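Let me begin by presenting the structure, written as C-alpha cells, before commenting on it.
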Amino acid sequence: MASLWRYVLAGLGLAALLAGILAAVYLTAPRLASPEVARSKKTTNGLFVASFEPERGVIRQGELQSWLLTLKTGAGTPVEGAGITISGGMPRHRHGLPTSPQATDYLGDGCYRIDGVKFTMSGLWQLHFAISAAAGSDTVVFNVLL
C-alpha cells in the first residue's frame, strides 16, 4: 500500500510541476499590443496628414467597398495631384489583400476615392499607402480592425 501512495504522490508532484511550468510560460509570454486604429495621422516622414474612412461610414466584411483618403499638408492645405499606391494585408495571418485597391477619383479638397477594398475575414488588417506629391514622397499605414 505504501508504494501505491508513493506513485500517487509522485504523480501529483509531476502534475504540480507541469502546472507551474505552464503558468510561468503563460505569464511571461509576450502580449500582442492592441493595434492603434486612428483614422487620421501624420505620414511616416511628417510631410502630410492623412485621414482614412469608409465612404459609406461603415466597415463591411466580405464586400467590395470604397474608402476615402484625405491628404493635407501640415499647414492644412489640401494635397492635389498625388500619386497613390496601396498595398496591405493581415500581418498576423501573413497574407496580403484579396483585391488590388486603387485610387480612382480625386474628389477635391485633398480627398481621393480608394476603390476595390475588401476585407474577407475579421481580424487586424493593414493598408499601406505610398504617396507621391509636389511636396515629396511619404507613406502611411492604417490599421483596420474587424
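Labeling convention for the C-alpha cells: chains A, B, ... as they appear, residues from 1 per chain, ligands from 1 in order of appearance.
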
Taking only residues of segment 40-70 of chain A that have an atom at most 10 Å from an atom of segment 107-121 of chain A, what is each one's shortest atom pair and its distance in Å to one decimal, using only C-alpha atoms, in chain and number order, as a tab-separated table?
residue	atom	partner	partner_atom	distance
A:Ala50	CA	A:Gly110	CA	9.4
A:Ser51	CA	A:Cys111	CA	8.9
A:Phe52	CA	A:Cys111	CA	9.5
A:Glu53	CA	A:Ile114	CA	9.9
A:Pro54	CA	A:Ile114	CA	9.2
A:Glu55	CA	A:Arg113	CA	8.1
A:Ile59	CA	A:Phe119	CA	8.8
A:Arg60	CA	A:Phe119	CA	7.4
A:Gln61	CA	A:Phe119	CA	5.2
A:Gly62	CA	A:Thr120	CA	4.6
A:Glu63	CA	A:Lys118	CA	5.7
A:Leu64	CA	A:Lys118	CA	4.8
A:Gln65	CA	A:Val117	CA	5.3
A:Ser66	CA	A:Asp115	CA	4.5
A:Trp67	CA	A:Ile114	CA	5.1
A:Leu68	CA	A:Arg113	CA	4.8
A:Leu69	CA	A:Tyr112	CA	5.2
A:Thr70	CA	A:Cys111	CA	4.1

Pairwise distance for atom CA of Phe48 of chain A and atom CA of Ser87 of chain A, rounded to one decimal in Å
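The value is 18.5 Å.
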
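Across the model, the gap from atom CA of Ser132 of chain A to atom CA of Thr73 of chain A is 12.6 Å.
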
Show me, as a list in words, the residues that have an atom within 6 Å of segment 42-46 of chain A when counting only C-alpha atoms, minus same-chain residues fewer than 2 positions from it.
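Counting only C-alpha atoms, the residues come to Phe48, Val49, Thr139 and Val140 of chain A.
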
Segment 17-146 of chain A: residues DSSP assigns to helix (DSSP H, G or I), reported as a ChimeraX atom specification
/A:17-28

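Going from atom CA of Gly74 of chain A to atom CA of Leu47 of chain A covers 6.7 Å.
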
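Considering the residues A:Gly76, A:Gly89, A:Gly96, A:Gly81 and counting only C-alpha atoms, Leu145 of chain A has its shortest atom-to-atom contact with A:Gly89.
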
Please list as a PyMOL selection string every residue within 9 Å of Val141 of chain A, counting only C-alpha atoms and excluding residues in the same chain fewer than 6 positions away.
chain A and resi 43-44+88+126-130

I want to know what sits within 8 Å of Val37 of chain A, based on only C-alpha atoms, with residues of the same chain fewer than 3 positions away left out; could you give that as a CSV table (one decimal) with C-alpha atoms, in the first residue's frame?
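So the final result, stored in part15.csv, reads:
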chain,number,residue,atom,x,y,z
A,142,PHE,CA,-3.7,52.5,-41.3
A,143,ASN,CA,-4.9,49.6,-39.1
A,144,VAL,CA,-8.5,48.4,-39.7
A,145,LEU,CA,-9.9,46.0,-37.0

Please identify the strand (DSSP E or B) residues within chain A (assignment by DSSP from backbone atoms) and present them as number ranges by chain.
A: 40-42, 48-54, 61, 65-73, 78, 83-90, 95-96, 102-108, 111-117, 119, 124-133, 136-145

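Compared by their closest atoms to Met90 of chain A, and using only C-alpha atoms, the residues A:Ile131, A:Leu124, A:Asp105, A:Leu14 rank with A:Leu124 nearest.
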